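Inspection log for the structure reproduced underneath, given as structure tokens.
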Amino acid sequence: MPSISHLIEEFIRTFPFFLKPLLLTFELTFASVVVGTVIGLFVALLKISNFPLGPMIANVYITVIRGTPLIVQIFVLYFGFYKVVDLGQFWSAALALAVHSGAYIAEIFRGAIQSIDKGQMEAGLSLGMSPAQTMRRIILPQALKRSIPPLGNQFILSLKESSLAAFIAMDELFSMARRLSAETFDEMTFFLIVAVYYLVIVMLFTYLVNKMEKRLAKGDS
Amino acid sequence: MKKTINGISVMLLTMTLLIAGCGQSPAPAGGDGGQAPAAAAGGSSMTKEAGVFTYAASGEYQPFSYFKDGQLTGFDIEIGEEIAKRLGLEPKAVTSPFSGIIAGVKEGRYDAAIASHAITDERKQQVDFADPYYLSGGQLFTRPDSDVSTLEALKGKEVAVALGTTHEKMAREYTDNIKTYDSDVTAMRALEQGKHDVVITDSVVGEIAIQQGLKIKKSGAALTEVQHGIAVRKGNEELLNKINEALKQMHEDGTYLKLSEKYFQRDISKKD
């Protein structure tokens, strides 16, 4: 087991090596959360819509994606789908993450939309707005606000899940930790160091989300 | 503001706990020699579990270690079985990603690594190697239409390798654009799909993959010819000697040749 001084020494020595992987982890996470949010919003609306087959398609998507492991989805997109569309490394990983988190985000949005009092829709309709208009102008803005805390949570999950991209040769944080472990035969040290990287990012992000939540709450009173 | 301070102190506390928790454990283990408590506790037992010879391989390195019908097999695995037999122990082959095997031997998770490790000075500082058990080396593999055939031509190309291998080390001397997989076979499959330009792996492993239908080709001459060895934890002289004895016996009674011919149609302890 590594000593504290050894950990700190190695942390400082390898810090420059982690910068590029850190950036890639961020890129992966942002790309997947942004695309995942778009997918999620679309699927949530589909699920509560009364388009023929709409809710069913949304349910199938959510069931399949939530019911299969992310690592399997990543491998299917990376090795299985390349003949259909060759997405390249980054987008195979990012899209797998996005499609994965999209299913969870859809449920977040659906819950938030359905938590808005029915009276709001009725009020909108009685003012002469169409259901779509009421959804866009009245319901969604309120629902999105309610979605922010669980979305922050989902971002944190996506950030951590992006480490699975190491297994399709993406040079992100966890991959660098594995490389340094292999180089030095000193596994524990680098797995602990990379844990600290993730931990610090997650804590910083949690702090930001809390701050944002508070600012949004001010408008409520 | 108060929340900020709270947040920061929670963060610092957590990190301290995390690190302190790990830093304290060496004390009871007793310095650098005591990393395998089980081996020490078992009296004269040279293996971590009495009566059992636990050895690791990647399981992703056909034909040396791979799964056939869900069963772990291959040259390395069978060598391990033969050694265990001669040691009067029960063989127990386990798989681990290649890059973590040496560390696992060092920490006493496995009694030995029979995982096609090239014997290098770097690895010798971590573990002890038994006498070499076969000779083989690195080779460039590309898609059929590629003209890369030397290490110098790797500049500007993307090279895929298995993490923690000597092939990875070699590749890093020539280019920075390196992608790592856990398995050489996965790297070759990605190469075939056009995801990378070159794979460096053991020539035998690449040839077998081609025989099995992977559309890639051997490119250029053999890069190296190196001895491969079985690794044991430093200081485990008893096991090391017994493995060497077993290997010698296997050469003498023809078992080695039989295994070698089964997998490679020749004696891989000698130059091709």
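Note on naming: chains are A, B, ... as they come in the structure tokens, residues start from 1 per chain, ligands start from 1 in the order shown.
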
For chain A, list the residues within 9 Å of chain B, counting only C-alpha atoms, and write the list as a VMD selection string. chain A and resid 1 to 5 7 78 to 79 82 to 83 86 88 to 89 166 to 171 175 178 to 179 181 to 187 192 196 199 to 200 203 to 204 207

Provide the atom CA of Asp184 of chain B to atom CA of Thr201 of chain B distance in Å, to one decimal place.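 That distance, rounded to one decimal, is 6.4 Å.
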
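Counting from atom CA of Tyr61 of chain B, the distance to atom CA of Met250 of chain B is 22.7 Å.
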
What lies within 9 Å of segment 10-27 of chain A using only C-alpha atoms, ignoring chain neighbours under 5 positions off, as a VMD selection string? chain A and resid 5 32 94 159 162 to 163 170 to 177 180 189 to 190 193 to 194 197

Using only C-alpha atoms for the distances, tell me which of B:Val204, B:Ala153, B:Ile230, B:Leu135 is nearest to Ala115 of chain B.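 Answer, going by the shortest atom-to-atom distance: B:Ile230.
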
Provide the atom CA of Ile108 of chain A to atom CA of Gln120 of chain A distance in Å, to one decimal place.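 The value is 19.4 Å.
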
Counting only C-alpha atoms, the option among B:Asp197, B:Glu90, B:Glu60, B:Glu158 closest to Ala209 of chain B: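 Under the stated criterion, the closest residue is B:Glu60.
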
Can you tell me, as a list in words, what residues are no more than 8 Å from Val198 of chain B when counting only C-alpha atoms, ignoring any on the same chain fewer than 4 positions away?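 Here the qualifying residues turn out to be Leu140, Phe141, Thr142, Arg143, Val148, Leu154, Lys157, Glu158, Val159, Ala160 and Leu191 of chain B.
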
Could you tell me which of A:Gly54, A:Pro141, A:Pro149, A:Gly67 comes closest to His100 of chain A if we count only C-alpha atoms? A:Gly67
